[in-house]
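> Below is entry.cif; it holds mmCIF, N, CA and C atoms.
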```cif
data_protein
loop_
_atom_site.label_atom_id
_atom_site.label_comp_id
_atom_site.auth_asym_id
_atom_site.auth_seq_id
_atom_site.Cartn_x
_atom_site.Cartn_y
_atom_site.Cartn_z
N MET Z 33 -29.24 27.93 -0.81
CA MET Z 33 -29.27 26.83 -1.77
C MET Z 33 -27.85 26.38 -2.14
N LEU Z 34 -26.95 27.34 -2.32
CA LEU Z 34 -25.58 27.03 -2.67
C LEU Z 34 -24.88 26.26 -1.55
N GLU Z 35 -25.20 26.61 -0.30
CA GLU Z 35 -24.62 25.91 0.85
C GLU Z 35 -25.06 24.45 0.88
N VAL Z 36 -26.29 24.20 0.51
CA VAL Z 36 -26.81 22.83 0.50
C VAL Z 36 -26.09 22.00 -0.57
N VAL Z 37 -25.86 22.58 -1.74
CA VAL Z 37 -25.16 21.89 -2.81
C VAL Z 37 -23.72 21.59 -2.39
N LYS Z 38 -23.05 22.56 -1.77
CA LYS Z 38 -21.69 22.35 -1.29
C LYS Z 38 -21.65 21.24 -0.24
N LEU Z 39 -22.62 21.23 0.65
CA LEU Z 39 -22.68 20.21 1.69
C LEU Z 39 -22.89 18.83 1.08
N ILE Z 40 -23.77 18.73 0.10
CA ILE Z 40 -24.03 17.44 -0.55
C ILE Z 40 -22.78 16.96 -1.28
N LEU Z 41 -22.10 17.84 -2.02
CA LEU Z 41 -20.88 17.47 -2.73
C LEU Z 41 -19.77 17.06 -1.76
N ALA Z 42 -19.66 17.78 -0.64
CA ALA Z 42 -18.64 17.44 0.35
C ALA Z 42 -18.91 16.06 0.95
N ARG Z 43 -20.16 15.75 1.21
CA ARG Z 43 -20.50 14.43 1.75
C ARG Z 43 -20.23 13.32 0.73
N ILE Z 44 -20.49 13.60 -0.54
CA ILE Z 44 -20.22 12.60 -1.58
C ILE Z 44 -18.72 12.34 -1.69
N VAL Z 45 -17.91 13.41 -1.69
CA VAL Z 45 -16.46 13.25 -1.75
C VAL Z 45 -15.95 12.51 -0.53
N TRP Z 46 -16.44 12.84 0.64
CA TRP Z 46 -16.01 12.19 1.88
C TRP Z 46 -16.35 10.70 1.85
N ALA Z 47 -17.53 10.37 1.38
CA ALA Z 47 -17.94 8.96 1.29
C ALA Z 47 -17.10 8.22 0.26
N PHE Z 48 -16.82 8.87 -0.88
CA PHE Z 48 -16.00 8.24 -1.91
C PHE Z 48 -14.59 7.96 -1.39
N LEU Z 49 -14.00 8.91 -0.69
CA LEU Z 49 -12.66 8.71 -0.13
C LEU Z 49 -12.66 7.55 0.87
N GLY Z 50 -13.68 7.48 1.69
CA GLY Z 50 -13.77 6.39 2.66
C GLY Z 50 -13.84 5.04 1.98
N ILE Z 51 -14.65 4.93 0.93
CA ILE Z 51 -14.78 3.68 0.19
C ILE Z 51 -13.48 3.34 -0.51
N PHE Z 52 -12.84 4.34 -1.13
CA PHE Z 52 -11.59 4.12 -1.86
C PHE Z 52 -10.50 3.60 -0.93
N TYR Z 53 -10.32 4.23 0.22
CA TYR Z 53 -9.28 3.79 1.14
C TYR Z 53 -9.58 2.41 1.73
N ARG Z 54 -10.82 2.13 1.97
CA ARG Z 54 -11.17 0.81 2.48
C ARG Z 54 -10.92 -0.28 1.43
N LEU Z 55 -11.21 0.03 0.16
CA LEU Z 55 -10.94 -0.93 -0.90
C LEU Z 55 -9.43 -1.19 -1.04
N LEU Z 56 -8.62 -0.15 -0.92
CA LEU Z 56 -7.18 -0.34 -0.97
C LEU Z 56 -6.68 -1.17 0.21
N LYS Z 57 -7.30 -0.96 1.35
CA LYS Z 57 -6.94 -1.74 2.53
C LYS Z 57 -7.26 -3.23 2.30
N VAL Z 58 -8.42 -3.50 1.74
CA VAL Z 58 -8.82 -4.88 1.45
C VAL Z 58 -7.89 -5.50 0.41
N LEU Z 59 -7.50 -4.72 -0.61
CA LEU Z 59 -6.57 -5.21 -1.62
C LEU Z 59 -5.24 -5.59 -0.98
N GLY Z 60 -4.74 -4.77 -0.09
CA GLY Z 60 -3.49 -5.07 0.60
C GLY Z 60 -3.59 -6.33 1.43
N ILE Z 61 -4.70 -6.49 2.11
CA ILE Z 61 -4.89 -7.69 2.94
C ILE Z 61 -4.98 -8.93 2.05
N CYS Z 62 -5.68 -8.83 0.92
CA CYS Z 62 -5.78 -9.97 0.00
C CYS Z 62 -4.42 -10.36 -0.56
N LEU Z 63 -3.62 -9.37 -0.93
CA LEU Z 63 -2.28 -9.67 -1.43
C LEU Z 63 -1.42 -10.31 -0.34
N MET Z 64 -1.52 -9.79 0.87
CA MET Z 64 -0.71 -10.32 1.96
C MET Z 64 -1.11 -11.76 2.29
N VAL Z 65 -2.38 -12.07 2.22
CA VAL Z 65 -2.85 -13.43 2.51
C VAL Z 65 -2.51 -14.37 1.35
N SER Z 66 -2.48 -13.85 0.13
CA SER Z 66 -2.22 -14.72 -1.01
C SER Z 66 -0.78 -15.24 -1.02
N GLY Z 67 0.17 -14.50 -0.43
CA GLY Z 67 1.55 -14.98 -0.36
C GLY Z 67 1.66 -16.30 0.39
N PRO Z 68 1.20 -16.35 1.66
CA PRO Z 68 1.23 -17.64 2.37
C PRO Z 68 0.37 -18.72 1.72
N LEU Z 69 -0.71 -18.33 1.04
CA LEU Z 69 -1.54 -19.33 0.36
C LEU Z 69 -0.78 -19.99 -0.79
N VAL Z 70 -0.01 -19.20 -1.53
CA VAL Z 70 0.81 -19.77 -2.60
C VAL Z 70 1.83 -20.74 -2.00
N LEU Z 71 2.45 -20.33 -0.91
CA LEU Z 71 3.42 -21.19 -0.24
C LEU Z 71 2.76 -22.47 0.28
N LEU Z 72 1.57 -22.35 0.86
CA LEU Z 72 0.86 -23.55 1.34
C LEU Z 72 0.51 -24.48 0.18
N TYR Z 73 0.13 -23.90 -0.97
CA TYR Z 73 -0.16 -24.72 -2.13
C TYR Z 73 1.09 -25.46 -2.59
N GLN Z 74 2.24 -24.78 -2.57
CA GLN Z 74 3.49 -25.43 -2.95
C GLN Z 74 3.82 -26.59 -2.00
N VAL Z 75 3.65 -26.36 -0.70
CA VAL Z 75 3.92 -27.41 0.28
C VAL Z 75 2.95 -28.58 0.08
N PHE Z 76 1.67 -28.28 -0.12
CA PHE Z 76 0.68 -29.33 -0.35
C PHE Z 76 1.04 -30.15 -1.57
N PHE Z 77 1.41 -29.47 -2.65
CA PHE Z 77 1.77 -30.18 -3.89
C PHE Z 77 3.00 -31.05 -3.66
N TRP Z 78 3.97 -30.53 -2.90
CA TRP Z 78 5.19 -31.29 -2.62
C TRP Z 78 4.86 -32.52 -1.76
N LEU Z 79 4.01 -32.35 -0.74
CA LEU Z 79 3.64 -33.49 0.10
C LEU Z 79 2.86 -34.54 -0.68
N HIS Z 80 2.04 -34.10 -1.60
CA HIS Z 80 1.19 -35.02 -2.36
C HIS Z 80 1.96 -35.72 -3.47
N HIS Z 81 2.75 -34.96 -4.24
CA HIS Z 81 3.40 -35.52 -5.42
C HIS Z 81 4.90 -35.76 -5.25
N GLY Z 82 5.50 -35.19 -4.22
CA GLY Z 82 6.92 -35.40 -3.99
C GLY Z 82 7.84 -34.52 -4.81
N THR Z 83 7.28 -33.59 -5.57
CA THR Z 83 8.11 -32.65 -6.33
C THR Z 83 7.71 -31.23 -5.96
N TRP Z 84 8.71 -30.35 -5.89
CA TRP Z 84 8.45 -28.96 -5.53
C TRP Z 84 8.08 -28.18 -6.77
N ARG Z 85 6.96 -27.53 -6.73
CA ARG Z 85 6.51 -26.69 -7.84
C ARG Z 85 6.88 -25.25 -7.51
N SER Z 86 7.83 -24.72 -8.26
CA SER Z 86 8.33 -23.38 -7.98
C SER Z 86 7.54 -22.34 -8.76
N TYR Z 87 7.16 -21.29 -8.07
CA TYR Z 87 6.49 -20.16 -8.70
C TYR Z 87 7.35 -18.93 -8.46
N SER Z 88 7.95 -18.42 -9.52
CA SER Z 88 8.79 -17.24 -9.39
C SER Z 88 8.04 -16.02 -9.90
N LEU Z 89 8.57 -14.86 -9.56
CA LEU Z 89 7.98 -13.62 -10.04
C LEU Z 89 8.04 -13.55 -11.55
N TYR Z 90 9.15 -13.99 -12.13
CA TYR Z 90 9.32 -13.96 -13.58
C TYR Z 90 8.32 -14.88 -14.28
N GLY Z 91 8.15 -16.08 -13.75
CA GLY Z 91 7.21 -17.02 -14.36
C GLY Z 91 5.79 -16.49 -14.38
N THR Z 92 5.43 -15.80 -13.31
CA THR Z 92 4.09 -15.23 -13.23
C THR Z 92 3.94 -14.07 -14.20
N MET Z 93 4.97 -13.22 -14.27
CA MET Z 93 4.91 -12.09 -15.21
C MET Z 93 4.88 -12.59 -16.65
N ALA Z 94 5.70 -13.59 -16.97
CA ALA Z 94 5.74 -14.12 -18.33
C ALA Z 94 4.40 -14.75 -18.71
N ALA Z 95 3.80 -15.46 -17.77
CA ALA Z 95 2.49 -16.07 -18.05
C ALA Z 95 1.43 -14.99 -18.28
N GLY Z 96 1.51 -13.92 -17.50
CA GLY Z 96 0.57 -12.82 -17.69
C GLY Z 96 0.76 -12.12 -19.02
N LEU Z 97 2.01 -11.93 -19.44
CA LEU Z 97 2.27 -11.29 -20.73
C LEU Z 97 1.84 -12.14 -21.91
N ARG Z 98 1.93 -13.47 -21.75
CA ARG Z 98 1.49 -14.35 -22.83
C ARG Z 98 -0.02 -14.28 -23.04
N GLU Z 99 -0.74 -13.91 -22.00
CA GLU Z 99 -2.20 -13.87 -22.08
C GLU Z 99 -2.74 -12.56 -22.65
N ILE Z 100 -1.87 -11.62 -22.97
CA ILE Z 100 -2.33 -10.35 -23.55
C ILE Z 100 -2.86 -10.62 -24.96
N PRO Z 101 -4.09 -10.24 -25.23
CA PRO Z 101 -4.65 -10.48 -26.57
C PRO Z 101 -3.86 -9.72 -27.64
N LYS Z 102 -3.67 -10.33 -28.79
CA LYS Z 102 -2.93 -9.71 -29.88
C LYS Z 102 -3.61 -8.43 -30.37
N SER Z 103 -4.92 -8.34 -30.20
CA SER Z 103 -5.64 -7.14 -30.66
C SER Z 103 -5.29 -5.92 -29.81
N TRP Z 104 -4.74 -6.12 -28.61
CA TRP Z 104 -4.37 -4.99 -27.77
C TRP Z 104 -3.05 -4.38 -28.19
N VAL Z 105 -2.24 -5.14 -28.91
CA VAL Z 105 -0.91 -4.68 -29.31
C VAL Z 105 -1.02 -3.93 -30.62
N THR Z 106 -0.64 -2.65 -30.60
CA THR Z 106 -0.75 -1.84 -31.80
C THR Z 106 0.51 -1.91 -32.65
N ASN Z 107 1.65 -2.18 -32.03
CA ASN Z 107 2.91 -2.23 -32.75
C ASN Z 107 3.54 -3.61 -32.56
N SER Z 108 3.25 -4.52 -33.48
CA SER Z 108 3.72 -5.90 -33.33
C SER Z 108 5.24 -5.99 -33.48
N GLU Z 109 5.85 -5.08 -34.24
CA GLU Z 109 7.30 -5.09 -34.40
C GLU Z 109 7.99 -4.79 -33.06
N LEU Z 110 7.42 -3.85 -32.31
CA LEU Z 110 7.97 -3.52 -30.99
C LEU Z 110 7.86 -4.71 -30.05
N LEU Z 111 6.73 -5.40 -30.11
CA LEU Z 111 6.53 -6.58 -29.26
C LEU Z 111 7.53 -7.68 -29.62
N THR Z 112 7.77 -7.88 -30.91
CA THR Z 112 8.74 -8.89 -31.35
C THR Z 112 10.14 -8.53 -30.89
N ASP Z 113 10.50 -7.25 -31.00
CA ASP Z 113 11.82 -6.80 -30.53
C ASP Z 113 11.95 -7.00 -29.02
N LEU Z 114 10.89 -6.73 -28.30
CA LEU Z 114 10.92 -6.90 -26.84
C LEU Z 114 11.07 -8.37 -26.48
N GLN Z 115 10.35 -9.24 -27.16
CA GLN Z 115 10.47 -10.67 -26.90
C GLN Z 115 11.88 -11.17 -27.21
N HIS Z 116 12.47 -10.66 -28.29
CA HIS Z 116 13.83 -11.05 -28.64
C HIS Z 116 14.81 -10.56 -27.57
N TRP Z 117 14.61 -9.34 -27.08
CA TRP Z 117 15.49 -8.79 -26.04
C TRP Z 117 15.38 -9.59 -24.74
N VAL Z 118 14.17 -10.02 -24.39
CA VAL Z 118 14.00 -10.80 -23.17
C VAL Z 118 14.71 -12.14 -23.29
N GLU Z 119 14.65 -12.76 -24.46
CA GLU Z 119 15.28 -14.06 -24.65
C GLU Z 119 16.79 -13.96 -24.76
N LYS Z 120 17.30 -12.99 -25.53
CA LYS Z 120 18.74 -12.87 -25.75
C LYS Z 120 19.10 -11.39 -25.92
N PRO Z 121 19.47 -10.74 -24.81
CA PRO Z 121 19.77 -9.32 -24.91
C PRO Z 121 21.13 -9.06 -25.55
N GLU Z 122 21.17 -8.03 -26.38
CA GLU Z 122 22.43 -7.60 -26.98
C GLU Z 122 22.85 -6.25 -26.41
N VAL Z 123 21.90 -5.50 -25.91
CA VAL Z 123 22.15 -4.20 -25.28
C VAL Z 123 21.36 -4.13 -23.98
N TRP Z 124 21.69 -3.18 -23.15
CA TRP Z 124 21.01 -2.96 -21.88
C TRP Z 124 21.02 -4.23 -21.03
N GLU Z 125 22.19 -4.83 -20.88
CA GLU Z 125 22.30 -6.09 -20.16
C GLU Z 125 22.04 -5.94 -18.66
N GLY Z 126 22.42 -4.80 -18.09
CA GLY Z 126 22.14 -4.57 -16.67
C GLY Z 126 20.65 -4.47 -16.41
N LEU Z 127 19.94 -3.77 -17.28
CA LEU Z 127 18.49 -3.68 -17.16
C LEU Z 127 17.85 -5.05 -17.34
N HIS Z 128 18.42 -5.84 -18.25
CA HIS Z 128 17.92 -7.19 -18.46
C HIS Z 128 18.05 -8.03 -17.19
N MET Z 129 19.18 -7.87 -16.49
CA MET Z 129 19.35 -8.62 -15.24
C MET Z 129 18.32 -8.20 -14.21
N LEU Z 130 18.04 -6.89 -14.12
CA LEU Z 130 17.06 -6.41 -13.14
C LEU Z 130 15.64 -6.87 -13.46
N LEU Z 131 15.29 -6.84 -14.74
CA LEU Z 131 13.90 -7.13 -15.12
C LEU Z 131 13.64 -8.60 -15.43
N VAL Z 132 14.68 -9.36 -15.79
CA VAL Z 132 14.46 -10.74 -16.21
C VAL Z 132 15.18 -11.75 -15.31
N GLU Z 133 16.46 -11.55 -15.10
CA GLU Z 133 17.24 -12.57 -14.38
C GLU Z 133 16.91 -12.61 -12.89
N TYR Z 134 16.88 -11.46 -12.23
CA TYR Z 134 16.60 -11.45 -10.79
C TYR Z 134 15.19 -11.95 -10.47
N PRO Z 135 14.16 -11.53 -11.22
CA PRO Z 135 12.81 -12.07 -10.91
C PRO Z 135 12.70 -13.59 -11.09
N LYS Z 136 13.64 -14.20 -11.81
CA LYS Z 136 13.59 -15.66 -11.97
C LYS Z 136 13.86 -16.38 -10.65
N VAL Z 137 14.60 -15.74 -9.73
CA VAL Z 137 14.95 -16.39 -8.47
C VAL Z 137 14.14 -15.86 -7.29
N ILE Z 138 13.31 -14.86 -7.50
CA ILE Z 138 12.50 -14.30 -6.41
C ILE Z 138 11.20 -15.07 -6.32
N PRO Z 139 10.89 -15.69 -5.17
CA PRO Z 139 9.65 -16.45 -5.03
C PRO Z 139 8.41 -15.54 -5.07
N LEU Z 140 7.40 -16.00 -5.76
CA LEU Z 140 6.16 -15.24 -5.88
C LEU Z 140 5.50 -15.05 -4.51
N ALA Z 141 5.54 -16.05 -3.67
CA ALA Z 141 4.91 -15.96 -2.35
C ALA Z 141 5.52 -14.83 -1.54
N LEU Z 142 6.82 -14.67 -1.62
CA LEU Z 142 7.51 -13.61 -0.88
C LEU Z 142 7.11 -12.24 -1.40
N VAL Z 143 7.04 -12.10 -2.70
CA VAL Z 143 6.66 -10.81 -3.31
C VAL Z 143 5.24 -10.43 -2.91
N LEU Z 144 4.31 -11.38 -3.02
CA LEU Z 144 2.92 -11.10 -2.66
C LEU Z 144 2.79 -10.72 -1.19
N PHE Z 145 3.49 -11.43 -0.33
CA PHE Z 145 3.41 -11.16 1.10
C PHE Z 145 3.94 -9.76 1.41
N PHE Z 146 5.09 -9.40 0.86
CA PHE Z 146 5.67 -8.09 1.16
C PHE Z 146 4.88 -6.94 0.53
N ILE Z 147 4.46 -7.10 -0.71
CA ILE Z 147 3.66 -6.03 -1.35
C ILE Z 147 2.34 -5.86 -0.62
N GLY Z 148 1.71 -6.97 -0.28
CA GLY Z 148 0.46 -6.90 0.47
C GLY Z 148 0.65 -6.27 1.83
N GLY Z 149 1.74 -6.61 2.51
CA GLY Z 149 2.02 -6.00 3.81
C GLY Z 149 2.24 -4.51 3.71
N ILE Z 150 2.97 -4.09 2.70
CA ILE Z 150 3.23 -2.66 2.52
C ILE Z 150 1.93 -1.93 2.19
N VAL Z 151 1.19 -2.44 1.23
CA VAL Z 151 -0.06 -1.77 0.84
C VAL Z 151 -1.06 -1.79 1.99
N GLY Z 152 -1.19 -2.92 2.64
CA GLY Z 152 -2.15 -3.03 3.75
C GLY Z 152 -1.80 -2.13 4.91
N SER Z 153 -0.54 -2.10 5.31
CA SER Z 153 -0.17 -1.28 6.46
C SER Z 153 -0.22 0.20 6.11
N ARG Z 154 0.22 0.55 4.91
CA ARG Z 154 0.16 1.97 4.52
C ARG Z 154 -1.29 2.44 4.43
N MET Z 155 -2.13 1.61 3.89
CA MET Z 155 -3.52 2.03 3.73
C MET Z 155 -4.24 2.07 5.07
N SER Z 156 -3.94 1.14 5.96
CA SER Z 156 -4.65 1.17 7.24
C SER Z 156 -4.23 2.39 8.04
N ASN Z 157 -2.96 2.78 7.96
CA ASN Z 157 -2.52 3.97 8.68
C ASN Z 157 -2.95 5.25 7.99
N SER Z 158 -2.67 5.33 6.69
CA SER Z 158 -2.93 6.59 6.00
C SER Z 158 -4.42 6.81 5.75
N ALA Z 159 -5.18 5.73 5.59
CA ALA Z 159 -6.61 5.90 5.35
C ALA Z 159 -7.27 6.57 6.55
N ASP Z 160 -6.95 6.08 7.73
CA ASP Z 160 -7.55 6.68 8.92
C ASP Z 160 -7.09 8.12 9.11
N GLN Z 161 -5.80 8.38 8.85
CA GLN Z 161 -5.29 9.74 9.00
C GLN Z 161 -5.88 10.68 7.96
N ARG Z 162 -5.95 10.22 6.73
CA ARG Z 162 -6.48 11.09 5.67
C ARG Z 162 -7.98 11.35 5.85
N LEU Z 163 -8.70 10.34 6.32
CA LEU Z 163 -10.11 10.57 6.55
C LEU Z 163 -10.32 11.54 7.72
N LYS Z 164 -9.41 11.54 8.68
CA LYS Z 164 -9.51 12.50 9.78
C LYS Z 164 -9.19 13.90 9.32
N GLN Z 165 -8.35 14.02 8.27
CA GLN Z 165 -8.04 15.33 7.71
C GLN Z 165 -9.30 15.99 7.18
N PHE Z 166 -10.09 15.18 6.50
CA PHE Z 166 -11.34 15.69 5.95
C PHE Z 166 -12.42 15.50 7.01
N GLU Z 167 -12.77 16.58 7.62
CA GLU Z 167 -13.79 16.49 8.65
C GLU Z 167 -15.11 16.12 7.99
N LYS Z 168 -15.84 15.23 8.61
CA LYS Z 168 -17.10 14.80 8.01
C LYS Z 168 -18.01 16.01 7.92
N PRO Z 169 -18.49 16.27 6.72
CA PRO Z 169 -19.34 17.44 6.53
C PRO Z 169 -20.64 17.32 7.31
N THR Z 170 -20.98 18.36 7.99
CA THR Z 170 -22.26 18.41 8.69
C THR Z 170 -23.02 19.65 8.25
N GLY Z 171 -24.25 19.67 8.54
CA GLY Z 171 -25.07 20.80 8.14
C GLY Z 171 -25.04 21.96 9.11
N HIS Z 172 -24.27 21.86 10.19
CA HIS Z 172 -24.21 22.90 11.19
C HIS Z 172 -23.26 24.00 10.79
N LYS Z 173 -23.65 25.25 11.06
CA LYS Z 173 -22.78 26.38 10.79
C LYS Z 173 -22.04 26.73 12.09
N SER Z 174 -20.77 27.07 11.96
CA SER Z 174 -19.98 27.43 13.14
C SER Z 174 -20.11 28.90 13.44
#
```
What is this file in structure tokens?


Amino acid sequence: MLEVVKLILARIVWAFLGIFYRLLKVLGICLMVSGPLVLLYQVFFWLHHGTWRSYSLYGTMAAGLREIPKSWVTNSELLTDLQHWVEKPEVWEGLHMLLVEYPKVIPLALVLFFIGGIVGSRMSNSADQRLKQFEKPTGHKS
């Protein structure tokens, strides 16, 4: 009876790992495809309206941070200090350049393409290797 329970649990874990790695692979592919899609949208907008619409990493992060509901923030003073530091830093200026100034010039399409490529390629390689590490549980005794 104990062997049957172990076999069932092993099969559940093996199936869960397979699903998890496949979902990560799909996420990587979606990110990688979204980079060129953002670029195509920019080109389409430029061809249609004659002005280039720039999407930077910073603009996307700032827009995402603005959408955080106020009820999620437990320390509003810390949030205010952080917003003040982002706008006009008085200390940690090097960190400010890394987190605020450099992302202003990095195109979002490039970031999405590279992150998606890294996640997709790592997951496609490591998922197959890791699933091979875990031999599919069978009911046969050796």

> Between atom N of Leu114 (chain Z) and atom N of Lys136 (chain Z), what is the distance in Å, rounded to a tenth?

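We find that atom N of Leu114 (chain Z) and atom N of Lys136 (chain Z) lie 18.3 Å from each other.
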
> Rounded to one decimal in Å, what is the spacing between CA of Cys62 (chain Z) and CA of Ala141 (chain Z)?

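Interatomic distance, CA of Cys62 (chain Z) to CA of Ala141 (chain Z): 12.5 Å.
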
> Quick one, how far is atom C of Leu140 (chain Z) from atom C of Leu63 (chain Z)?

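The value is 9.4 Å.
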
> Extract the full set of alpha helix (DSSP H) residues from chain Z according to DSSP on the backbone, and format it as an MDAnalysis selection string.

chainID Z and resid 34:81 89:98 108:119 125:128 134:137 140:165

> Report the residues retrieved by the PyMOL selection byres ((chain Z and resi 87) around 5) from the displayed file, expressed as a JSON list (two decimals) with N, CA and C atoms, in the coordinates of the input.


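Result file follows (result20.json):
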```
[["chain", "number", "residue", "atom", "x", "y", "z"],
["Z", 85, "ARG", "N", 6.96, -27.53, -6.73],
["Z", 85, "ARG", "CA", 6.51, -26.69, -7.84],
["Z", 85, "ARG", "C", 6.88, -25.25, -7.51],
["Z", 86, "SER", "N", 7.83, -24.72, -8.26],
["Z", 86, "SER", "CA", 8.33, -23.38, -7.98],
["Z", 86, "SER", "C", 7.54, -22.34, -8.76],
["Z", 88, "SER", "N", 7.95, -18.42, -9.52],
["Z", 88, "SER", "CA", 8.79, -17.24, -9.39],
["Z", 88, "SER", "C", 8.04, -16.02, -9.90],
["Z", 89, "LEU", "N", 8.57, -14.86, -9.56],
["Z", 89, "LEU", "CA", 7.98, -13.62, -10.04],
["Z", 89, "LEU", "C", 8.04, -13.55, -11.55],
["Z", 139, "PRO", "N", 10.89, -15.69, -5.17],
["Z", 139, "PRO", "CA", 9.65, -16.45, -5.03],
["Z", 139, "PRO", "C", 8.41, -15.54, -5.07],
["Z", 140, "LEU", "N", 7.40, -16.00, -5.76],
["Z", 140, "LEU", "CA", 6.16, -15.24, -5.88],
["Z", 140, "LEU", "C", 5.50, -15.05, -4.51]]
```

> Let me have the centre and edge lengths of the axis-aligned box enclosing all listed atoms of region 40-45 of chain Z with 6 Å padding on every side, in Å to one decimal, as JSON.


```
{"center_x": -20.0, "center_y": 15.5, "center_z": -0.5, "size_x": 20.1, "size_y": 18.4, "size_z": 16.5}
```

> Might you pull out every residue within 9 Å of Tyr90 (chain Z), with only C-alpha atoms counted and same-chain residues fewer than 4 positions away left off, and present them as a list in words?

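Contacts, in chain order: Ala94, Ala95, Leu131, Val132, Glu133, Tyr134, Pro135, Lys136, Val137, Ile138, Pro139 and Leu140 of chain Z.
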
> Using only C-alpha atoms, find the one residue out of Z:Trp84, Z:Leu55, Z:Ile100, Z:Val143 that sits nearest to Pro68 (chain Z).

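For Pro68 (chain Z), the nearest of the candidates is Z:Val143.
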